[in-house]
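Okay, run_13.cif now, which holds mmCIF, C-alpha atoms and all ligand atoms:
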data_input
#
loop_
_atom_site.label_atom_id
_atom_site.label_comp_id
_atom_site.auth_asym_id
_atom_site.auth_seq_id
_atom_site.Cartn_x
_atom_site.Cartn_y
_atom_site.Cartn_z
CA MET A 27 17.95 -11.62 -8.30
CA ALA A 28 15.02 -13.73 -7.12
CA PRO A 29 12.30 -11.81 -5.33
CA VAL A 30 11.98 -12.38 -1.60
CA LEU A 31 8.30 -11.40 -1.48
CA GLU A 32 5.79 -11.38 -4.29
CA ALA A 33 2.10 -10.78 -4.89
CA ARG A 34 0.84 -12.47 -8.02
CA ASP A 35 -2.48 -11.33 -9.49
CA VAL A 36 -3.82 -10.74 -6.02
CA SER A 37 -7.36 -9.47 -5.47
CA LYS A 38 -9.21 -8.65 -2.29
CA HIS A 39 -12.96 -8.19 -2.20
CA PHE A 40 -14.69 -7.24 1.05
CA THR A 41 -18.34 -8.06 1.57
CA VAL A 42 -20.01 -5.27 3.51
CA ARG A 43 -23.48 -5.26 4.97
CA SER A 44 -25.55 -2.09 5.14
CA ALA A 45 -27.79 -1.08 8.06
CA VAL A 46 -30.82 -2.44 6.22
CA GLY A 47 -29.14 -5.79 5.68
CA SER A 48 -28.27 -5.65 1.99
CA THR A 49 -24.75 -6.69 1.07
CA SER A 50 -22.32 -5.25 -1.41
CA VAL A 51 -18.78 -6.05 -2.43
CA VAL A 52 -15.86 -3.62 -2.16
CA ARG A 53 -13.30 -4.44 -4.84
CA ALA A 54 -10.40 -2.98 -2.86
CA VAL A 55 -7.53 -4.63 -4.77
CA GLU A 56 -7.78 -6.16 -8.21
CA ASP A 57 -5.11 -8.28 -9.93
CA ALA A 58 -2.15 -6.69 -8.17
CA THR A 59 1.31 -7.98 -8.99
CA VAL A 60 4.45 -6.75 -7.27
CA ALA A 61 7.81 -8.27 -6.38
CA LEU A 62 10.44 -7.15 -3.88
CA GLU A 63 14.08 -8.11 -4.17
CA PRO A 64 16.55 -8.14 -1.27
CA GLY A 65 18.03 -4.70 -0.68
CA GLU A 66 15.45 -3.02 -2.85
CA ILE A 67 13.04 -0.22 -2.02
CA VAL A 68 9.80 -0.20 -3.97
CA ALA A 69 7.38 2.68 -3.48
CA LEU A 70 3.68 2.00 -3.74
CA VAL A 71 2.05 5.32 -4.54
CA GLY A 72 -1.62 6.22 -4.75
CA GLU A 73 -4.30 8.49 -3.39
CA SER A 74 -6.21 7.63 -0.26
CA GLY A 75 -8.63 4.78 -0.94
CA SER A 76 -6.60 3.28 -3.79
CA GLY A 77 -6.03 -0.02 -1.96
CA LYS A 78 -2.50 0.46 -0.59
CA THR A 79 -3.20 -0.61 2.97
CA THR A 80 -5.23 -3.58 1.78
CA LEU A 81 -2.32 -4.71 -0.37
CA ALA A 82 0.12 -4.28 2.54
CA ARG A 83 -2.16 -6.40 4.73
CA LEU A 84 -2.37 -9.04 2.03
CA LEU A 85 1.42 -9.11 1.79
CA ALA A 86 1.64 -9.38 5.59
CA ARG A 87 -1.00 -12.12 5.41
CA PHE A 88 -3.33 -10.32 7.76
CA TYR A 89 -5.86 -10.80 4.97
CA GLU A 90 -6.35 -13.88 2.87
CA PRO A 91 -6.49 -12.95 -0.83
CA THR A 92 -9.83 -13.47 -2.59
CA THR A 93 -7.84 -14.69 -5.58
CA GLY A 94 -4.14 -14.81 -6.41
CA GLU A 95 -1.09 -15.78 -4.45
CA ILE A 96 1.50 -14.38 -2.07
CA ARG A 97 4.94 -15.96 -2.38
CA LEU A 98 7.81 -15.77 0.11
CA ASP A 99 11.25 -16.91 -1.07
CA GLY A 100 9.68 -18.40 -4.18
CA ALA A 101 7.14 -20.60 -2.39
CA PRO A 102 3.43 -20.00 -1.80
CA ALA A 103 2.82 -18.55 1.66
CA ASN A 104 0.07 -20.09 3.72
CA GLY A 105 -1.41 -18.46 6.77
CA ALA A 106 -0.17 -15.72 9.05
CA THR A 107 2.25 -17.85 11.04
CA ARG A 108 4.92 -16.64 13.43
CA ALA A 109 7.52 -17.98 11.00
CA TYR A 110 6.03 -15.83 8.26
CA HIS A 111 6.16 -12.73 10.42
CA ARG A 112 9.76 -13.46 11.32
CA ASP A 113 10.47 -12.69 7.66
CA VAL A 114 7.83 -10.09 6.86
CA GLN A 115 7.11 -7.20 9.21
CA LEU A 116 4.48 -4.52 8.72
CA ILE A 117 4.95 -1.01 10.10
CA PHE A 118 1.71 0.90 10.48
CA GLN A 119 1.04 4.55 9.92
CA ASP A 120 0.15 5.07 13.57
CA PRO A 121 3.05 4.07 15.83
CA PHE A 122 0.69 3.80 18.83
CA GLY A 123 -1.06 0.94 17.12
CA SER A 124 1.89 -1.42 17.26
CA LEU A 125 3.30 -0.66 20.71
CA ASN A 126 1.85 -1.85 23.98
CA PRO A 127 1.07 1.46 25.74
CA LEU A 128 1.15 -0.15 29.18
CA HIS A 129 4.75 -1.22 28.84
CA ARG A 130 8.07 0.54 28.60
CA VAL A 131 10.22 0.62 25.48
CA ARG A 132 12.44 -2.09 26.95
CA TYR A 133 9.55 -4.53 27.39
CA ASN A 134 8.13 -3.82 23.93
CA LEU A 135 11.47 -4.71 22.33
CA GLU A 136 12.29 -7.63 24.64
CA ARG A 137 8.96 -9.22 23.87
CA ALA A 138 9.79 -9.33 20.15
CA LEU A 139 13.18 -10.88 20.93
CA ARG A 140 11.62 -13.48 23.19
CA LEU A 141 8.79 -14.39 20.86
CA HIS A 142 10.73 -14.63 17.66
CA HIS A 143 14.20 -15.61 18.77
CA GLY A 144 13.65 -17.19 22.15
CA VAL A 145 16.29 -14.96 23.73
CA ARG A 146 15.88 -15.93 27.41
CA ASP A 147 19.13 -14.73 28.91
CA LYS A 148 18.44 -11.41 30.59
CA ALA A 149 21.85 -9.82 30.00
CA GLU A 150 21.79 -10.90 26.38
CA ARG A 151 18.30 -9.45 25.90
CA ASN A 152 19.38 -6.20 27.46
CA ARG A 153 22.39 -6.01 25.19
CA ARG A 154 20.23 -6.63 22.13
CA VAL A 155 17.67 -4.00 23.17
CA GLU A 156 20.42 -1.41 23.58
CA GLU A 157 21.85 -2.34 20.22
CA LEU A 158 18.43 -1.93 18.57
CA LEU A 159 17.94 1.51 20.07
CA GLU A 160 21.35 2.53 18.83
CA ARG A 161 20.52 1.33 15.35
CA VAL A 162 17.48 3.57 15.15
CA SER A 163 19.48 6.44 16.70
CA LEU A 164 17.58 6.62 19.98
CA THR A 165 20.70 7.57 21.88
CA PRO A 166 21.85 7.83 24.58
CA VAL A 167 19.82 4.66 25.11
CA GLU A 168 19.37 5.26 28.88
CA GLN A 169 17.23 8.23 27.93
CA PHE A 170 14.71 6.08 26.08
CA ILE A 171 14.85 2.51 27.27
CA ASP A 172 12.64 2.94 30.34
CA LYS A 173 10.15 5.35 28.82
CA PHE A 174 6.51 4.54 28.12
CA PRO A 175 5.32 5.06 24.52
CA HIS A 176 3.28 8.13 25.52
CA GLU A 177 6.39 9.76 26.96
CA LEU A 178 8.02 9.84 23.54
CA SER A 179 7.53 12.18 20.60
CA GLY A 180 5.85 10.84 17.45
CA GLY A 181 9.18 10.44 15.70
CA GLN A 182 10.78 8.65 18.66
CA ARG A 183 7.78 6.33 18.86
CA GLN A 184 8.02 5.44 15.19
CA ARG A 185 11.73 4.69 15.72
CA VAL A 186 10.80 2.30 18.52
CA VAL A 187 8.31 0.64 16.16
CA ILE A 188 11.05 0.23 13.58
CA ALA A 189 13.42 -1.13 16.24
CA ARG A 190 10.73 -3.60 17.24
CA ALA A 191 10.37 -4.74 13.64
CA LEU A 192 14.17 -5.06 13.37
CA ALA A 193 14.29 -7.15 16.56
CA VAL A 194 12.58 -9.84 14.55
CA GLU A 195 15.37 -9.66 11.91
CA PRO A 196 12.95 -9.71 8.99
CA LYS A 197 13.83 -9.95 5.32
CA VAL A 198 11.06 -7.58 4.33
CA LEU A 199 9.66 -4.42 5.88
CA LEU A 200 6.29 -3.19 4.69
CA GLY A 201 6.01 0.46 5.69
CA ASP A 202 2.41 1.70 5.40
CA GLU A 203 2.81 5.47 5.24
CA PRO A 204 5.38 5.27 8.04
CA ILE A 205 6.16 8.98 8.04
CA SER A 206 2.81 10.55 7.22
CA MET A 207 1.83 11.11 10.86
CA LEU A 208 5.22 12.51 11.80
CA ASP A 209 6.24 16.10 12.05
CA VAL A 210 7.44 17.45 8.72
CA SER A 211 10.80 18.38 10.25
CA ILE A 212 11.74 14.77 11.03
CA ARG A 213 10.37 13.01 7.95
CA LEU A 214 13.60 13.25 6.02
CA GLU A 215 15.54 11.76 8.93
CA MET A 216 13.15 8.81 9.00
CA LEU A 217 13.54 8.23 5.28
CA ASN A 218 17.30 8.27 5.72
CA LEU A 219 17.01 5.74 8.53
CA LEU A 220 14.96 3.40 6.33
CA ASN A 221 17.48 3.79 3.56
CA ARG A 222 20.34 2.97 5.92
CA LEU A 223 18.59 -0.23 7.07
CA ARG A 224 18.19 -1.38 3.52
CA THR A 225 21.88 -0.79 2.86
CA GLU A 226 23.15 -2.34 6.10
CA ASP A 227 20.80 -5.33 6.30
CA GLY A 228 19.86 -5.91 2.70
CA LEU A 229 16.24 -5.51 3.77
CA ALA A 230 13.61 -5.30 1.08
CA LEU A 231 11.29 -2.40 1.76
CA LEU A 232 7.85 -1.64 0.40
CA TYR A 233 7.41 2.04 1.07
CA ILE A 234 3.74 2.96 0.87
CA THR A 235 2.89 6.61 0.44
CA HIS A 236 0.44 9.06 -1.10
CA ASP A 237 3.37 11.42 -1.60
CA ILE A 238 5.29 10.95 -4.81
CA ALA A 239 8.02 13.33 -3.66
CA SER A 240 9.08 11.13 -0.75
CA ALA A 241 8.79 8.07 -3.00
CA ARG A 242 11.14 9.71 -5.41
CA TYR A 243 13.60 10.47 -2.67
CA LEU A 244 13.75 6.98 -1.25
CA CYS A 245 12.89 4.28 -3.73
CA ASP A 246 14.47 2.36 -6.59
CA ARG A 247 11.23 1.45 -8.27
CA ILE A 248 7.76 2.99 -8.22
CA VAL A 249 4.41 1.27 -8.55
CA VAL A 250 1.35 3.46 -8.97
CA MET A 251 -2.10 2.32 -7.83
CA TYR A 252 -5.41 3.80 -8.81
CA ALA A 253 -8.78 2.63 -7.49
CA GLY A 254 -7.52 -0.81 -6.51
CA ARG A 255 -5.53 -1.49 -9.65
CA MET A 256 -1.87 -1.04 -10.48
CA VAL A 257 -1.62 1.31 -13.41
CA GLU A 258 2.11 1.81 -13.92
CA GLY A 259 5.48 0.81 -12.57
CA GLY A 260 9.17 0.80 -13.31
CA PRO A 261 12.52 2.34 -12.41
CA LYS A 262 11.95 5.51 -10.43
CA GLU A 263 13.71 7.95 -12.72
CA ASP A 264 11.96 6.62 -15.82
CA VAL A 265 8.51 6.73 -14.29
CA ILE A 266 9.01 10.28 -13.01
CA ALA A 267 10.68 11.61 -16.16
CA ASN A 268 8.45 9.78 -18.62
CA PRO A 269 5.19 8.63 -17.08
CA ARG A 270 3.17 6.53 -19.53
CA HIS A 271 -0.16 6.40 -17.76
CA PRO A 272 -2.29 9.57 -17.73
CA TYR A 273 -2.95 9.10 -14.01
CA THR A 274 0.76 8.95 -13.19
CA ARG A 275 1.22 12.08 -15.26
CA LEU A 276 -1.52 13.80 -13.31
CA LEU A 277 0.06 12.79 -9.99
CA ILE A 278 3.44 14.13 -11.00
CA GLU A 279 2.09 17.34 -12.45
CA SER A 280 -0.02 18.04 -9.39
CA SER A 281 2.93 17.50 -7.06
CA PRO A 282 4.20 21.03 -6.39
CA ASP A 283 7.82 20.12 -6.83
CA PRO A 284 8.69 16.48 -7.25
CA ALA A 285 12.40 17.26 -6.98
CA ARG A 286 12.02 18.23 -3.35
CA ALA A 287 12.58 15.37 -0.97
CA VAL A 288 9.89 16.08 1.54
CA ASP A 289 7.46 18.82 0.79
CA ASP A 290 6.26 21.06 3.57
CA ARG A 291 2.80 21.20 2.04
CA ALA A 292 2.13 18.35 4.38
CA GLU A 293 -0.58 16.33 2.71
CA LEU A 294 0.74 16.59 -0.78
CA PHE A 295 -1.88 14.58 -2.54
CA GLY A 296 -4.55 15.20 0.03
CA ALA A 297 -4.30 18.90 -0.71
CA GLU A 298 -4.41 18.29 -4.43
CA ALA A 299 -7.16 15.71 -4.46
CA GLY A 300 -9.83 18.32 -5.13
CA GLU A 301 -8.12 19.37 -8.33
CA LEU A 302 -7.59 15.79 -9.41
CA GLY A 303 -11.24 14.92 -8.94
CA GLU A 304 -12.48 12.15 -6.72
CA PRO A 305 -11.43 8.53 -7.03
CA PRO A 306 -14.41 6.26 -7.74
CA SER A 307 -16.32 4.07 -5.33
CA LEU A 308 -14.88 0.57 -5.21
CA ILE A 309 -18.30 -0.95 -4.59
CA ASP A 310 -19.27 -0.32 -8.19
CA PRO A 311 -16.02 0.72 -9.87
CA PRO A 312 -16.06 2.02 -13.44
CA ALA A 313 -15.98 -0.75 -16.05
CA GLY A 314 -12.98 -1.06 -18.34
CA CYS A 315 -10.18 1.24 -17.22
CA ARG A 316 -11.11 2.47 -13.75
CA PHE A 317 -9.56 5.83 -14.58
CA HIS A 318 -11.74 6.48 -17.63
CA PRO A 319 -14.22 8.91 -15.98
CA ARG A 320 -11.31 11.22 -15.17
CA CYS A 321 -9.10 10.59 -18.16
CA PRO A 322 -8.80 13.29 -20.82
CA PHE A 323 -7.78 10.63 -23.38
CA ALA A 324 -10.54 8.10 -22.76
CA MET A 325 -11.68 6.18 -25.85
CA ASP A 326 -14.63 3.83 -26.34
CA VAL A 327 -12.61 0.72 -25.52
CA CYS A 328 -11.52 2.28 -22.20
CA ARG A 329 -15.14 2.27 -20.99
CA THR A 330 -15.67 -1.44 -21.52
CA GLU A 331 -12.41 -3.34 -21.36
CA ALA A 332 -9.62 -3.32 -18.78
CA PRO A 333 -6.37 -2.35 -20.52
CA PRO A 334 -3.71 -5.06 -20.84
CA ARG A 335 -0.20 -4.68 -19.49
CA THR A 336 2.34 -3.17 -21.86
CA GLU A 337 6.03 -3.67 -21.02
CA PHE A 338 8.77 -1.34 -22.21
CA PRO A 339 12.45 -2.25 -22.70
CA ASN A 340 13.58 -0.05 -19.77
CA GLY A 341 11.54 -2.11 -17.31
CA GLN A 342 8.63 0.30 -17.25
CA TRP A 343 5.11 -1.09 -17.67
CA THR A 344 1.60 0.29 -17.78
CA HIS A 345 -2.04 -0.68 -18.17
CA CYS A 346 -3.40 1.83 -20.67
CA TRP A 347 -5.01 1.44 -24.07
CA LEU A 348 -2.94 4.36 -25.41
CA HIS A 349 0.13 2.11 -25.28
CA GLU A 350 -1.44 -1.09 -26.54
CA ASP A 351 0.74 -1.27 -29.65
CA GLU A 352 3.96 -0.10 -28.04
CA GLY A 353 6.51 -1.81 -25.85
CA GLU A 354 7.60 -5.40 -26.05
CA GLY A 355 4.12 -6.87 -26.38
N1 LIG B 1 -12.02 -4.25 6.05
C1 LIG B 1 -12.63 -3.59 5.05
N2 LIG B 1 -13.93 -3.79 4.78
C2 LIG B 1 -14.54 -3.13 3.78
N3 LIG B 1 -13.93 -2.24 2.96
C3 LIG B 1 -12.64 -1.99 3.18
C4 LIG B 1 -11.91 -2.65 4.24
N4 LIG B 1 -10.63 -2.21 4.22
C5 LIG B 1 -10.57 -1.32 3.20
N5 LIG B 1 -11.77 -1.19 2.58
C6 LIG B 1 -12.06 -0.33 1.41
O1 LIG B 1 -11.13 -0.66 0.41
C7 LIG B 1 -10.72 0.48 -0.30
C8 LIG B 1 -9.20 0.62 -0.23
O2 LIG B 1 -8.85 0.96 1.09
P1 LIG B 1 -7.34 1.03 1.60
O3 LIG B 1 -6.66 -0.24 1.23
O4 LIG B 1 -7.37 1.39 3.03
O5 LIG B 1 -6.75 2.20 0.71
P2 LIG B 1 -5.50 3.19 0.99
O6 LIG B 1 -4.63 2.57 2.00
O7 LIG B 1 -4.87 3.36 -0.34
O8 LIG B 1 -6.11 4.48 1.47
C9 LIG B 1 -11.47 1.65 0.31
O9 LIG B 1 -12.62 1.87 -0.49
C10 LIG B 1 -11.84 1.14 1.67
O10 LIG B 1 -13.01 1.76 2.14
S1 LIG B 2 -6.86 3.13 -20.73
FE1 LIG B 2 -8.00 4.83 -21.63
S2 LIG B 2 -9.07 5.79 -19.92
FE2 LIG B 2 -7.48 4.47 -19.07
S3 LIG B 2 -5.78 5.82 -18.78
FE3 LIG B 2 -5.49 4.89 -20.78
S4 LIG B 2 -6.47 6.31 -22.20
FE4 LIG B 2 -7.17 6.88 -20.17
MG MG B 3 -3.86 3.31 3.79
#

Translate this structure into structure tokens?
Ligand SMILES: Nc1ncnc2c1ncn2[C@@H]1O[C@H](COP(=O)(O)OP(=O)(O)O)[C@@H](O)[C@H]1O
Ligand code: SF4
Ligand SMILES: [Mg+2]
Amino acid sequence: MAPVLEARDVSKHFTVRSAVGSTSVVRAVEDATVALEPGEIVALVGESGSGKTTLARLLARFYEPTTGEIRLDGAPANGATRAYHRDVQLIFQDPFGSLNPLHRVRYNLERALRLHHGVRDKAERNRRVEELLERVSLTPVEQFIDKFPHELSGGQRQRVVIARALAVEPKVLLGDEPISMLDVSIRLEMLNLLNRLRTEDGLALLYITHDIASARYLCDRIVVMYAGRMVEGGPKEDVIANPRHPYTRLLIESSPDPARAVDDRAELFGAEAGELGEPPSLIDPPAGCRFHPRCPFAMDVCRTEAPPRTEFPNGQWTHCWLHEDEGEG
């Protein structure tokens, strides 16, 4: 199937100015390539600071790539237009961020319908708002429709955010850690809701997380990022059962129990980060393979040259010098 949304060799460098006026460049995302097909859930996994949010913002066209290209339906996407956001919706980690706190749930949803679909008829808008609330299981709808965002629980608020994204009828949802601020007890429910939307609407979903266990539960394919670069990807079961990149292996081994859908050790990777060591600064990232200072297998070449991509017959791929002579070339 043709991808609906694609990033091709996308990089994003931020120029930052220090208090004394000197400038430096943060290499937040480097040569990232990812494609989403309709009805597919791809998990983007990586520790905090690995460039996940930056990539999501590039895909949503809130940032212009420094180099590389974003493609929607096979054509280069230009600018963050309303038409673009009719197809590609980004859900933030913090549900407060995307709702207008001064307005009730009804207004927040109606506004999306008006803006993107020009639904002017009041009765029709009301019907659509009720339908949206039902779809995200905020029922009975009368209990929620006239509430203000602050009158809802975190989970209810994130459901409203999802309903708002659905009001636009997008082809792609980019979920930037959409469950990480929610209570552990409702995370699984939210994952099931996202899964249902993919099945019912054929939505493509990029599920961004630092938690490989929830990625495993939800996604079809996994892409692993480390320090701004993609290091490995492929079908979920293959990547989990047979990780090729030492960093992926480390992530899986340090996850207390990857078989469990949603771990109650809330910040799975956060809690483990100390043991994993610190990810490097992206102002002056390590040369060659960015993982080499932490890698038990590092060789001379790893310190100077970025590893090429090796593809395996099962659809798995990695950037690691250990696999240079394997795969399909
Ligand atoms: N607007 C920005 N200006 C400068 N640096 C940024 C900006 N946004 C992100 N960064 C830096 O880019 C790197 C990746 O950040 P981010 O994409 O937020 O990672 P993640 O979502 O994986 O935690 C971090 O080092 C972060 O400090
Ligand atoms: S390229 Fe080298 S340093 Fe990087 S993960 Fe592979 S073996 Fe380790
Ligand atoms: Mg982030």

Compile the contact shell of A:Pro102 as a list in words: residues with an atom at most 12 Å away, counting only C-alpha atoms, same-chain residues fewer than 6 positions apart removed.
-> Val30, Leu31, Glu32, Ala33, Arg34, Leu85, Arg87, Gly94, Glu95, Ile96 and Tyr110 of chain A

Closest of A:Leu192, A:Ile278, A:Ile171, A:Leu70 to ligand MG 3 (chain B) - atom-to-atom distances counting only C-alpha atoms and all ligand atoms | A:Leu70

What gap, in Å, lies between atom CA of A:Arg43 and atom O9 of ligand LIG 1 (chain B)?
->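 So the two atoms, atom CA of A:Arg43 and atom O9 of ligand LIG 1 (chain B), lie 14.1 Å apart.
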
With a distance cut-off of 12 Å and all atoms listed in the file, select the neighbouring residues of A:Arg329, excluding the residue or stretch itself and same-chain residues fewer than 3 positions from it, and output the selection as JSON, numbers by chain.
-> {"A": [311, 312, 313, 314, 315, 316, 317, 318, 319, 320, 321, 323, 324, 325, 326, 332, 333, 346, 347]}

Polymer residues at most 10 Å from A:Pro127, only C-alpha atoms, same-chain spacing of 5 or more positions, as a ChimeraX atom specification = /A:122,134,174-177

Measure the distance from atom CA of A:Met256 to atom CA of A:Ala58 in Å and round it to one decimal.
-> 6.1 Å

Would you please work out which residue, of A:Thr80, A:Thr274, A:Thr235, A:Ser37, is nearest to A:His345 when using all atoms listed in the file?
->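 With all atoms listed in the file as the atom set, the closest residue is A:Thr274.
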
Protein and nucleic residues near ligand MG 3 (chain B), 12 Å, only C-alpha atoms and all ligand atoms, as JSON, numbers by chain | {"A": [54, 70, 71, 72, 73, 74, 75, 76, 77, 78, 79, 80, 81, 82, 83, 117, 118, 119, 120, 201, 202, 203, 204, 206, 207, 233, 234, 235, 236, 251, 254]}

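Of note, atom CA of A:Ile212 and atom CA of A:Pro121 are spaced 14.6 Å apart.
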
What's the 12 Å shell around A:Gln169, counting all atoms listed in the file, without same-chain residues fewer than 4 positions away, as a ChimeraX atom specification?
-> /A:130-132,156,159-160,163-165,173-174,177-178,182

Nearest to A:Ser280, chosen from A:Leu308, A:Ala28, A:Val265, A:Ala239, with all atoms listed in the file counted in the distances |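 Using all atoms listed in the file, the shortest distance to A:Ser280 belongs to A:Ala239.
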
In terms of all atoms listed in the file, the residue from A:His349, A:Arg270, A:Arg255, A:Arg161 at minimal distance from ligand LIG 1 (chain B) is A:Arg255

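Comparing the minimum interatomic distances between ligand LIG 1 (chain B) and each of A:Leu348, A:Met27, A:Ile205, A:Phe88, counting only C-alpha atoms and all ligand atoms, we find that A:Phe88 sits nearest.
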
Output, as lines of an AutoDock Vina configuration file, the centre and edge lengths in Å (one decimal) of the axis-aligned box that contains all listed atoms of stretch 168-171 of chain A with 3 Å of margin on each side.
center_x = 17.0
center_y = 5.4
center_z = 27.5
size_x = 10.7
size_y = 11.7
size_z = 8.8

Pick out the residues sitting within 12 Å of A:Arg153, and hand them over as a PyMOL selection string; count all atoms listed in the file, and ignore anything fewer than 4 positions along from it in its own chain.
-> chain A and resi 132+135-136+139+145+147-149+157-160+167+171+193

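You can rank A:Leu200, A:Ile67, A:Val60, A:Leu141 by their closest distance to A:Arg224 using only C-alpha atoms, and at the top of that list sits A:Ile67.
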
Just give me the residues with any atom within 10 Å of (17.3, -2.6, 9.4), file coordinates, counting only C-alpha atoms, written as a ChimeraX atom specification.
-> /A:158,161-162,188-189,191-193,195-199,219-231

Suppose we keep C-alpha atoms; can you now write the selection as a compact mmCIF listing (two decimals), keeping the file's coordinate frame?
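The result, written out as selection21.txt:
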# COMPACT_ATOMS: atom_id res chain seq x y z
CA LEU A 158 18.43 -1.93 18.57
CA ARG A 161 20.52 1.33 15.35
CA VAL A 162 17.48 3.57 15.15
CA ILE A 188 11.05 0.23 13.58
CA ALA A 189 13.42 -1.13 16.24
CA ALA A 191 10.37 -4.74 13.64
CA LEU A 192 14.17 -5.06 13.37
CA ALA A 193 14.29 -7.15 16.56
CA GLU A 195 15.37 -9.66 11.91
CA PRO A 196 12.95 -9.71 8.99
CA LYS A 197 13.83 -9.95 5.32
CA VAL A 198 11.06 -7.58 4.33
CA LEU A 199 9.66 -4.42 5.88
CA LEU A 219 17.01 5.74 8.53
CA LEU A 220 14.96 3.40 6.33
CA ASN A 221 17.48 3.79 3.56
CA ARG A 222 20.34 2.97 5.92
CA LEU A 223 18.59 -0.23 7.07
CA ARG A 224 18.19 -1.38 3.52
CA THR A 225 21.88 -0.79 2.86
CA GLU A 226 23.15 -2.34 6.10
CA ASP A 227 20.80 -5.33 6.30
CA GLY A 228 19.86 -5.91 2.70
CA LEU A 229 16.24 -5.51 3.77
CA ALA A 230 13.61 -5.30 1.08
CA LEU A 231 11.29 -2.40 1.76
